[in-house]
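Undergrad: My file is entry_12.txt. It has compact mmCIF, C-alpha atoms and all ligand atoms:
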```txt
# COMPACT_ATOMS: atom_id res chain seq x y z
CA MET A 15 -18.72 50.24 30.48
CA GLU A 16 -15.52 52.07 29.59
CA ALA A 17 -13.60 50.53 32.49
CA ILE A 18 -14.34 47.10 31.02
CA TYR A 19 -13.91 47.85 27.31
CA LEU A 20 -11.12 50.39 27.34
CA LYS A 21 -9.29 49.07 30.42
CA GLY A 22 -7.67 52.48 30.86
CA ASN A 23 -6.37 52.54 27.28
CA THR A 24 -6.97 55.41 24.90
CA VAL A 25 -8.48 54.70 21.48
CA ASP A 26 -8.23 56.66 18.28
CA TRP A 27 -11.88 56.14 17.28
CA ALA A 28 -13.35 58.05 20.23
CA THR A 29 -12.48 61.35 21.88
CA GLU A 30 -11.55 61.96 25.48
CA LYS A 31 -14.46 62.63 27.83
CA VAL A 32 -16.07 66.00 27.21
CA HIS A 33 -18.28 67.76 29.75
CA LEU A 34 -20.56 69.39 27.20
CA ASN A 35 -21.74 72.31 29.30
CA GLN A 36 -18.31 73.29 30.59
CA TYR A 37 -16.71 72.96 27.18
CA PHE A 38 -19.25 75.07 25.32
CA ASN A 39 -19.45 77.69 28.06
CA LYS A 40 -15.75 78.30 27.64
CA PHE A 41 -15.93 78.10 23.87
CA SER A 42 -18.84 80.53 23.53
CA ASN A 43 -16.99 83.05 25.72
CA VAL A 44 -14.06 82.96 23.32
CA THR A 45 -16.21 83.24 20.20
CA LYS A 46 -19.01 85.46 21.53
CA ASP A 47 -18.27 88.32 19.12
CA SER A 48 -18.04 86.10 16.06
CA PHE A 49 -21.62 84.91 15.85
CA SER A 50 -23.56 87.57 14.04
CA ASP A 51 -24.81 87.66 10.51
CA VAL A 52 -22.03 89.89 9.19
CA GLY A 53 -22.61 89.16 5.52
CA THR A 54 -19.98 89.79 2.86
CA ASP A 55 -19.86 93.58 2.68
CA PRO A 56 -16.19 94.60 3.31
CA LYS A 57 -17.18 97.71 5.30
CA THR A 58 -19.40 95.70 7.66
CA ILE A 59 -16.68 93.12 8.10
CA ALA A 60 -14.15 95.88 8.82
CA SER A 61 -16.40 97.39 11.48
CA HIS A 62 -16.46 93.99 13.24
CA VAL A 63 -12.68 93.74 13.10
CA GLY A 64 -12.56 96.91 15.20
CA PHE A 65 -9.73 98.64 13.33
CA PRO A 66 -10.21 102.04 11.60
CA PHE A 67 -9.43 100.99 8.02
CA THR A 68 -9.40 103.62 5.31
CA ASP A 69 -11.21 102.82 2.05
CA GLU A 70 -7.88 102.31 0.30
CA GLN A 71 -6.61 99.94 2.97
CA LEU A 72 -9.88 98.05 2.85
CA TYR A 73 -9.68 97.68 -0.91
CA ALA A 74 -6.05 96.52 -0.73
CA LEU A 75 -6.93 94.03 2.00
CA SER A 76 -9.89 92.54 0.11
CA GLU A 77 -7.74 92.21 -3.03
CA THR A 78 -4.86 90.63 -1.10
CA CYS A 79 -7.15 88.13 0.62
CA SER A 80 -9.24 87.35 -2.43
CA PRO A 81 -9.82 83.62 -2.99
CA ASN A 82 -9.12 84.30 -6.68
CA LEU A 83 -5.42 84.47 -5.76
CA LEU A 84 -5.53 80.79 -4.85
CA ALA A 85 -6.12 79.84 -8.49
CA VAL A 86 -3.28 78.34 -10.50
CA GLU A 87 -2.70 78.41 -14.22
CA GLY A 88 -4.67 75.86 -16.25
CA GLU A 89 -7.11 75.22 -13.42
CA ASN A 90 -10.81 74.62 -14.11
CA PRO A 91 -12.95 77.75 -13.62
CA ILE A 92 -14.56 78.27 -10.23
CA VAL A 93 -18.10 76.92 -10.21
CA ASN A 94 -20.92 78.58 -8.39
CA VAL A 95 -22.17 76.06 -5.83
CA ASP A 96 -25.76 77.20 -6.27
CA THR A 97 -25.62 76.36 -9.96
CA VAL A 98 -24.63 72.78 -9.19
CA TYR A 99 -27.20 72.55 -6.44
CA HIS A 100 -30.05 73.54 -8.72
CA ASN A 101 -28.79 71.46 -11.68
CA PRO A 102 -27.56 68.24 -10.12
CA THR A 103 -26.96 66.57 -13.49
CA LEU A 104 -24.96 69.49 -14.90
CA PHE A 105 -21.60 67.81 -14.49
CA ASP A 106 -22.68 64.23 -15.09
CA LYS A 107 -20.33 62.28 -17.25
CA THR A 108 -21.05 62.18 -20.97
CA GLU A 109 -22.58 58.88 -21.97
CA ILE A 110 -20.40 56.72 -24.18
CA PRO A 111 -22.38 56.26 -27.42
CA SER A 112 -23.69 52.73 -27.76
CA ASP A 113 -23.54 52.58 -31.57
CA ILE A 114 -19.75 52.79 -31.80
CA ASP A 115 -18.20 49.38 -32.23
CA LEU A 116 -14.75 50.06 -30.85
CA GLU A 117 -13.18 47.67 -28.34
CA CYS A 118 -11.57 50.54 -26.40
CA PHE A 119 -14.99 52.13 -25.85
CA LYS A 120 -16.46 48.83 -24.69
CA LEU A 121 -13.60 48.33 -22.23
CA LEU A 122 -13.86 51.89 -21.00
CA LYS A 123 -17.60 51.53 -20.48
CA ASN A 124 -17.11 48.30 -18.58
CA ARG A 125 -14.36 49.79 -16.44
CA SER A 126 -16.43 52.86 -15.55
CA LYS A 127 -19.30 50.67 -14.43
CA LEU A 128 -17.02 48.49 -12.29
CA GLN A 129 -15.45 51.57 -10.71
CA GLU A 130 -18.84 53.07 -9.94
CA ASP A 131 -20.07 49.86 -8.32
CA TYR A 132 -16.87 49.58 -6.32
CA ILE A 133 -16.98 53.18 -5.14
CA TYR A 134 -20.67 53.00 -4.31
CA SER A 135 -20.27 49.81 -2.29
CA ARG A 136 -17.66 51.53 -0.13
CA LEU A 137 -19.59 54.74 0.56
CA LYS A 138 -20.15 55.06 4.26
CA TYR A 139 -23.48 56.89 4.19
CA LYS A 140 -25.00 55.34 1.06
CA ASN A 141 -28.06 54.03 2.90
CA GLN A 142 -29.09 57.36 4.37
CA ILE A 143 -31.33 60.04 3.02
CA HIS A 144 -30.68 63.53 4.26
CA LEU A 145 -33.78 65.43 5.13
CA ASN A 146 -34.41 68.81 3.66
CA ASP A 147 -35.75 71.11 6.31
CA GLU A 148 -38.17 73.73 5.11
CA CYS A 149 -38.73 75.30 8.50
CA ARG A 150 -35.85 77.76 8.61
CA LYS A 151 -38.22 80.68 8.18
CA LEU A 152 -39.92 80.16 11.54
CA LYS A 153 -39.32 82.65 14.32
CA ALA A 154 -35.81 82.33 15.75
CA ASP A 155 -35.78 81.96 19.53
CA ILE A 156 -32.41 80.30 20.20
CA PRO A 157 -29.50 82.71 20.53
CA LEU A 158 -26.67 82.25 18.05
CA GLY A 159 -23.25 81.39 19.39
CA LYS A 160 -24.44 80.70 22.94
CA GLU A 161 -26.33 77.44 22.84
CA PHE A 162 -24.94 74.28 21.30
CA ILE A 163 -26.51 71.41 19.40
CA VAL A 164 -25.43 67.77 19.27
CA THR A 165 -25.88 65.15 16.57
CA ILE A 166 -26.60 61.61 17.65
CA ARG A 167 -26.48 58.55 15.38
CA VAL A 168 -28.80 55.78 16.54
CA HIS A 169 -28.21 52.28 15.18
CA PHE A 170 -30.63 49.50 14.38
CA PRO A 171 -31.13 46.99 17.19
CA PHE A 172 -29.15 43.77 16.99
CA HIS A 173 -29.19 40.40 18.67
CA THR A 174 -26.23 38.83 20.36
CA SER A 175 -25.65 36.22 23.03
CA PRO A 176 -22.95 35.57 25.62
CA ASP A 177 -21.74 32.64 23.49
CA ASN A 178 -21.35 34.72 20.38
CA TYR A 179 -20.13 38.27 20.84
CA ALA A 180 -18.96 38.66 17.27
CA HIS A 181 -21.66 40.19 15.09
CA LYS A 182 -21.98 38.70 11.67
CA LYS A 183 -23.55 41.86 10.34
CA THR A 184 -22.05 45.34 10.34
CA LEU A 185 -24.08 47.68 12.51
CA SER A 186 -25.93 50.25 10.45
CA CYS A 187 -27.24 53.64 11.40
CA SER A 188 -31.00 53.94 11.57
CA GLN A 189 -31.33 57.70 12.06
CA GLU A 190 -29.42 60.85 12.88
CA ILE A 191 -31.04 63.17 15.39
CA VAL A 192 -30.08 66.73 16.33
CA LEU A 193 -30.86 68.04 19.82
CA THR A 194 -30.22 71.31 21.57
CA ALA A 195 -28.30 71.59 24.83
CA VAL A 196 -31.45 72.09 26.90
CA ASP A 197 -33.34 69.10 25.49
CA THR A 198 -33.79 66.33 28.01
CA LEU A 199 -33.00 62.69 27.31
CA ASP A 200 -36.67 61.66 27.24
CA LYS A 201 -37.08 63.88 24.16
CA LEU A 202 -34.34 61.87 22.49
CA ARG A 203 -36.06 58.67 23.49
CA ASP A 204 -39.39 59.78 22.04
CA VAL A 205 -37.96 60.43 18.58
CA ILE A 206 -36.00 57.20 18.22
CA ILE A 207 -37.91 55.16 15.66
CA CYS A 208 -37.88 51.42 16.31
CA MET A 209 -40.34 49.29 14.36
CA GLU A 210 -40.61 46.82 17.24
CA GLU A 211 -42.67 49.41 19.11
CA PHE A 212 -45.42 49.26 16.51
CA GLY A 213 -45.92 45.52 17.08
CA ASP A 214 -49.41 44.25 17.89
CA THR A 215 -49.85 42.87 21.40
CA SER A 216 -52.53 40.42 20.16
CA GLY A 217 -49.84 37.97 19.00
CA ASP A 218 -51.28 35.26 16.72
CA VAL A 219 -54.17 36.83 14.78
CA SER A 220 -54.64 34.07 12.21
CA GLU A 221 -58.25 33.49 13.34
CA MET A 222 -59.21 37.14 12.80
CA PRO A 223 -56.68 38.77 10.51
CA ASP A 224 -59.00 41.68 9.66
CA ALA A 225 -59.56 42.74 13.26
CA PRO A 226 -58.10 46.20 13.93
CA VAL A 227 -54.96 46.59 16.03
CA LYS A 228 -56.08 47.54 19.51
CA VAL A 229 -52.92 47.89 21.54
CA ARG A 230 -49.37 48.28 20.30
CA LEU A 231 -46.26 47.24 22.21
CA LYS A 232 -45.19 50.83 22.87
CA ASP A 233 -48.52 51.51 24.63
CA VAL A 234 -47.90 48.72 27.12
CA TYR A 235 -44.13 48.53 27.57
CA LYS A 236 -43.15 52.13 28.28
CA SER A 237 -39.98 51.49 30.23
CA GLY A 238 -36.69 52.60 28.74
CA MET A 239 -33.12 53.36 29.67
CA PHE A 240 -29.96 55.00 28.38
CA TYR A 241 -26.53 53.94 29.57
CA ILE A 242 -24.03 56.73 29.00
CA GLY A 243 -20.58 56.74 30.55
CA ASN A 244 -21.17 54.80 33.72
CA THR A 245 -24.62 56.17 34.49
CA PHE A 246 -28.02 54.63 33.83
CA TYR A 247 -30.66 57.16 32.81
CA VAL A 248 -34.02 55.56 33.53
CA ASP A 249 -37.37 56.70 32.15
CA LYS A 250 -39.59 57.37 35.18
CA ARG A 251 -42.39 59.29 33.49
CA TYR A 252 -44.92 56.55 34.22
CA PRO A 253 -45.24 55.01 37.70
CA GLU A 254 -45.47 51.48 36.29
CA ASN A 255 -42.15 51.81 34.44
CA LEU A 256 -39.47 49.32 35.34
CA ASP A 257 -35.90 50.24 36.19
CA TYR A 258 -33.97 48.16 33.65
CA SER A 259 -30.71 49.00 35.40
CA GLU A 260 -31.68 47.14 38.57
CA VAL A 261 -30.83 43.67 37.35
CA ILE A 262 -27.58 44.88 35.78
CA ARG A 263 -26.52 46.67 38.96
CA SER A 264 -27.15 43.64 41.13
CA TRP A 265 -25.25 41.47 38.61
CA ALA A 266 -22.33 43.93 38.71
CA ALA A 267 -22.38 44.17 42.52
CA LYS A 268 -21.89 40.40 42.79
CA ARG A 269 -18.83 40.68 40.56
CA LYS A 270 -17.46 43.74 42.35
CA ILE A 271 -17.91 45.94 39.26
CA THR A 272 -18.91 49.53 40.01
CA MET A 273 -22.12 50.28 38.12
CA ASN A 274 -24.27 52.07 40.62
CA ARG A 275 -25.00 55.52 39.22
CA VAL A 276 -28.65 55.97 38.29
CA ASP A 277 -30.30 59.17 37.13
CA VAL A 278 -33.70 60.17 35.79
CA MET A 279 -33.98 60.42 32.01
CA GLU A 280 -36.54 63.22 31.91
CA LYS A 281 -34.54 65.38 34.32
CA THR A 282 -31.21 65.08 32.52
CA LYS A 283 -30.37 67.67 29.90
CA ILE A 284 -27.96 67.04 27.06
CA SER A 285 -25.75 69.77 28.53
CA ASP A 286 -25.41 67.78 31.78
CA LEU A 287 -23.73 64.87 30.03
CA VAL A 288 -20.09 63.92 29.94
CA VAL A 289 -19.52 61.97 26.71
CA ARG A 290 -16.89 60.62 24.39
CA PHE A 291 -17.61 61.40 20.76
CA GLY A 292 -17.56 58.26 18.63
CA TYR A 293 -18.00 55.95 21.62
CA PRO A 294 -21.00 53.57 21.58
CA TYR A 295 -23.64 54.08 24.26
CA LEU A 296 -26.75 52.05 24.88
CA TYR A 297 -30.48 52.65 24.52
CA GLN A 298 -32.68 49.84 25.79
CA HIS A 299 -36.46 49.52 25.55
CA LEU A 300 -39.19 46.88 25.21
CA GLY A 301 -37.33 44.67 27.65
CA ASN A 302 -34.40 43.55 25.53
CA CYS A 303 -34.42 45.69 22.38
CA GLU A 304 -30.97 47.27 22.46
CA HIS A 305 -29.67 50.04 20.19
CA LEU A 306 -26.18 51.44 20.18
CA PHE A 307 -25.88 55.16 19.59
CA ILE A 308 -22.99 57.57 19.34
CA PHE A 309 -22.51 61.29 19.74
CA SER A 310 -21.07 62.23 16.38
CA ASP A 311 -20.96 66.03 16.48
CA ALA A 312 -21.52 69.06 18.71
CA ARG A 313 -21.17 72.71 17.90
CA LEU A 314 -22.48 76.14 18.74
CA LEU A 315 -25.62 77.08 16.86
CA HIS A 316 -24.83 79.27 13.85
CA GLN A 317 -26.91 81.20 11.36
CA ASN A 318 -27.37 78.28 8.96
CA ASP A 319 -28.95 76.11 11.65
CA ILE A 320 -32.61 76.03 12.54
CA GLN A 321 -33.00 78.56 15.33
CA THR A 322 -36.52 77.66 16.47
CA ARG A 323 -36.60 75.65 19.65
CA GLU A 324 -39.84 73.84 18.94
CA GLN A 325 -38.27 72.24 15.85
CA TYR A 326 -35.88 70.22 18.01
CA PRO A 327 -35.20 67.33 18.27
CA LEU A 328 -35.09 67.00 14.51
CA TYR A 329 -34.12 64.23 12.17
CA MET A 330 -31.06 64.96 10.10
CA SER A 331 -31.14 61.71 8.13
CA LEU A 332 -32.95 58.41 8.01
CA SER A 333 -31.72 55.09 6.75
CA VAL A 334 -33.29 53.76 3.56
CA LYS A 335 -32.71 50.11 4.33
CA LEU A 336 -34.28 47.74 1.83
CA ALA A 337 -37.73 46.48 2.63
CA LYS A 338 -38.47 42.82 3.34
CA PHE A 339 -40.39 41.49 0.36
CA CYS A 340 -43.00 38.75 0.21
CA THR A 341 -41.60 35.21 0.19
CA LEU A 342 -44.30 34.08 -2.25
CA CYS A 343 -44.64 36.80 -4.89
CA GLY A 344 -41.39 38.64 -4.30
CA SER A 345 -42.88 41.94 -5.46
CA ASN A 346 -44.90 43.33 -2.54
CA VAL A 347 -43.59 44.41 0.83
CA ALA A 348 -44.30 41.83 3.54
CA ARG A 349 -47.06 42.59 6.05
CA TRP A 350 -47.40 39.23 7.76
CA VAL A 351 -45.17 36.66 9.40
CA VAL A 352 -46.55 33.13 9.07
CA THR A 353 -45.16 30.20 10.99
CA ASN A 354 -45.86 26.47 11.54
CA PHE A 355 -47.54 25.96 8.16
CA GLU A 356 -46.68 22.64 6.52
CA LYS A 357 -47.16 23.90 2.95
CA LEU A 358 -44.37 26.47 3.26
CA THR A 359 -40.75 25.74 2.53
CA ARG A 360 -39.63 28.57 4.83
CA ASP A 361 -40.51 28.97 8.44
CA PRO A 362 -41.17 31.71 9.35
CA ALA A 363 -42.32 33.19 6.06
CA PHE A 364 -42.79 36.89 5.37
CA VAL A 365 -45.79 37.42 3.08
CA CYS A 366 -47.73 40.33 1.65
CA THR A 367 -51.42 40.88 2.38
CA LEU A 368 -52.50 39.74 -1.09
CA CYS A 369 -50.65 36.40 -0.91
CA PHE A 370 -51.66 36.01 2.71
CA LYS A 371 -55.36 36.18 1.89
CA MET A 372 -55.12 34.08 -1.29
CA TYR A 373 -52.82 31.29 -0.12
CA PHE A 374 -53.64 30.85 3.54
CA TYR A 375 -57.43 31.25 3.51
CA ILE A 376 -60.38 29.83 1.61
CA GLY A 377 -62.90 32.62 1.93
CA LYS A 378 -62.56 33.59 5.59
CA LYS A 379 -61.56 30.12 6.76
CA LYS A 380 -57.97 29.08 7.42
CA ASN A 381 -56.52 26.73 4.83
CA GLY A 382 -54.64 24.61 7.38
CA SER A 383 -52.96 25.08 10.71
CA PHE A 384 -50.60 28.02 11.18
CA GLN A 385 -49.95 31.14 13.25
CA ALA A 386 -49.89 34.60 11.73
CA PHE A 387 -48.42 37.78 13.20
CA ARG A 388 -48.60 41.31 11.88
CA TYR A 389 -45.33 42.63 10.50
CA TYR A 390 -44.44 46.29 10.10
CA ASP A 391 -41.70 47.07 7.64
CA ARG A 392 -39.78 50.25 8.33
CA ARG A 393 -39.34 51.10 4.68
CA ALA A 394 -43.06 50.85 4.05
CA MET A 395 -43.96 53.07 6.99
CA ILE A 396 -41.46 55.91 6.81
ZN ZN A 401 -35.76 48.96 19.49
ZN ZN A 402 -46.91 38.42 -2.02
```
The structure in this file should be written as structure tokens.
TA:
Amino acid sequence: MEAIYLKGNTVDWATEKVHLNQYFNKFSNVTKDSFSDVGTDPKTIASHVGFPFTDEQLYALSETCSPNLLAVEGENPIVNVDTVYHNPTLFDKTEIPSDIDLECFKLLKNRSKLQEDYIYSRLKYKNQIHLNDECRKLKADIPLGKEFIVTIRVHFPFHTSPDNYAHKKTLSCSQEIVLTAVDTLDKLRDVIICMEEFGDTSGDVSEMPDAPVKVRLKDVYKSGMFYIGNTFYVDKRYPENLDYSEVIRSWAAKRKITMNRVDVMEKTKISDLVVRFGYPYLYQHLGNCEHLFIFSDARLLHQNDIQTREQYPLYMSLSVKLAKFCTLCGSNVARWVVTNFEKLTRDPAFVCTLCFKMYFYIGKKKNGSFQAFRYYDRRAMI
């Protein structure tokens, strides 16, 4: 992949290749004495420094290194972060009174609103909600400062074709997942949420819309693959799984492109990987549902991280993409996709259950000829 895209060039949006295990082995050796919960007591800190400070020296040192010395005259007072955290509206701007009829106030109000809209539209992570983990109190069983964790950003799937490589839409992140070094790639695969997997294998259910869903796509099509660096990592947990890389490898072989490294997803640990941070890699499932994902961060586990192994992989954030609303009423989230119906101006049409039952059926009988498929909206399910 890189040989084709990068053509030997370096790029400023991705790092050089990093062998995760080698890198963090070296790094943890250097920092092995730094990862303990020292706290803020000067005497405890001094004992970790390993120098026999006297009390006077310790006092002088803590005064000399005090962050208070960084303050300058006329500066705003230092704010306790906890205070802001527990009172998020504490420093909200004062509302401009609406009953004052001054032009300058009206202009100021208008300008503030425009600025807010402009700033908000440019925020990179505006569509993500960060999850608050309440499981920090569980028993810690991962050693601090020895094992590392990685953050992976998985994007929504997108469609493209050989005739049109340029995407009209900007790719957006669907979820951020944190894994430990010893997690295998199949664990990553199992936590990637893709709504296509929830699809009903029954197809057109317009004759019996109330029948329960028997088999979902993910129960039938279990094959999957990652393509990282120049290696395909294929899911071989089920004997009937297909090797998606096969067709790509034979295509590449005909064109004399080297793409022949295949490994097993469930036997590959995160620590075995050699990755570029910021570089897009591929996750493919359900035949042709393709997601790009990037390694965005890696670091040694520290005391503020969750230290319980069973909590990983964990979601760090999820996208809050807008739901698809009903074409007819515009107020409910769509649950059905209807197609080939002559009384609709849109084809296909996304409709809610209420409109679906009222507009497309008379009693239990179809009100015309059409096909109906179940639709699962991500926003409504998460
Ligand atoms: Zn998908
Ligand atoms: Zn509706």
Undergrad: Could I get the residues of chain A with an atom no further than 9 Å from an atom of ligand ZN 402 (chain A), each paired with its nearest atom pair and that distance in Å to one decimal, using only C-alpha atoms and all ligand atoms, sorted by chain and residue number, as CSV?
TA:
```
residue,atom,partner,partner_atom,distance
A:Phe339,CA,A:ZN402,ZN,7.6
A:Cys340,CA,A:ZN402,ZN,4.5
A:Thr341,CA,A:ZN402,ZN,6.6
A:Leu342,CA,A:ZN402,ZN,5.1
A:Cys343,CA,A:ZN402,ZN,4.0
A:Gly344,CA,A:ZN402,ZN,6.0
A:Ser345,CA,A:ZN402,ZN,6.4
A:Asn346,CA,A:ZN402,ZN,5.3
A:Val347,CA,A:ZN402,ZN,7.4
A:Ala348,CA,A:ZN402,ZN,7.0
A:Phe364,CA,A:ZN402,ZN,8.6
A:Val365,CA,A:ZN402,ZN,5.3
A:Cys366,CA,A:ZN402,ZN,4.2
A:Thr367,CA,A:ZN402,ZN,6.8
A:Leu368,CA,A:ZN402,ZN,5.8
A:Cys369,CA,A:ZN402,ZN,4.4
A:Phe370,CA,A:ZN402,ZN,7.1
```
Undergrad: May I ask for the distance between CA of Asp113 in chain A and CA of Ile133 in chain A, given in Å to one decimal place?
TA: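 Calculated distance between CA of Asp113 in chain A and CA of Ile133 in chain A is 27.2 Å.
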Undergrad: Would you mind listing the residues within 12 Å of ligand ZN 401 (chain A), counting only C-alpha atoms and all ligand atoms, as an NGL selection string?
TA: :A and (168-173 or 188 or 203-213 or 231-232 or 235-239 or 296-307 or 392)
Undergrad: Return the single residue from A:Ala394, A:Ile271, A:Leu84, A:Leu315 that is closest to Glu161 in chain A, with distances computed using only C-alpha atoms.
TA: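 Using only C-alpha atoms, the shortest distance to Glu161 in chain A belongs to A:Leu315.
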Undergrad: For the interface of range 224-275 of chain A with range 214-218 of chain A (cut-off 12 Å, counting only C-alpha atoms), please tabulate each contacting residue of range 224-275 of chain A alongside its nearest pair of atoms and their separation in Å to one decimal, rows sorted by chain and increasing number, as a Markdown table.
TA:
```
| residue | atom | partner | partner_atom | distance |
| --- | --- | --- | --- | --- |
| A:Ala225 | CA | A:Ser216 | CA | 10.1 |
| A:Pro226 | CA | A:Asp214 | CA | 9.7 |
| A:Val227 | CA | A:Asp214 | CA | 6.3 |
| A:Lys228 | CA | A:Asp214 | CA | 7.6 |
| A:Val229 | CA | A:Thr215 | CA | 5.9 |
| A:Arg230 | CA | A:Asp214 | CA | 4.7 |
| A:Leu231 | CA | A:Thr215 | CA | 5.7 |
| A:Lys232 | CA | A:Asp214 | CA | 9.3 |
| A:Asp233 | CA | A:Thr215 | CA | 9.3 |
| A:Val234 | CA | A:Thr215 | CA | 8.4 |
| A:Tyr235 | CA | A:Thr215 | CA | 10.1 |
```
Undergrad: Kindly provide, as JSON, the centre and edge lengths (Å, one decimal) of an axis-aligned box around all atoms of range 254-271 of chain A given in the file, with 6 Å on each side.
TA:
```
{"center_x": -31.5, "center_y": 46.1, "center_z": 38.2, "size_x": 40.0, "size_y": 23.4, "size_z": 21.1}
```
Undergrad: Determine the nearest neighbour of Tyr139 in chain A from the options A:Cys187, A:Ile320, A:Leu34, A:Leu358, counting only C-alpha atoms.
TA: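 Closest to Tyr139 in chain A, using only C-alpha atoms: A:Cys187.
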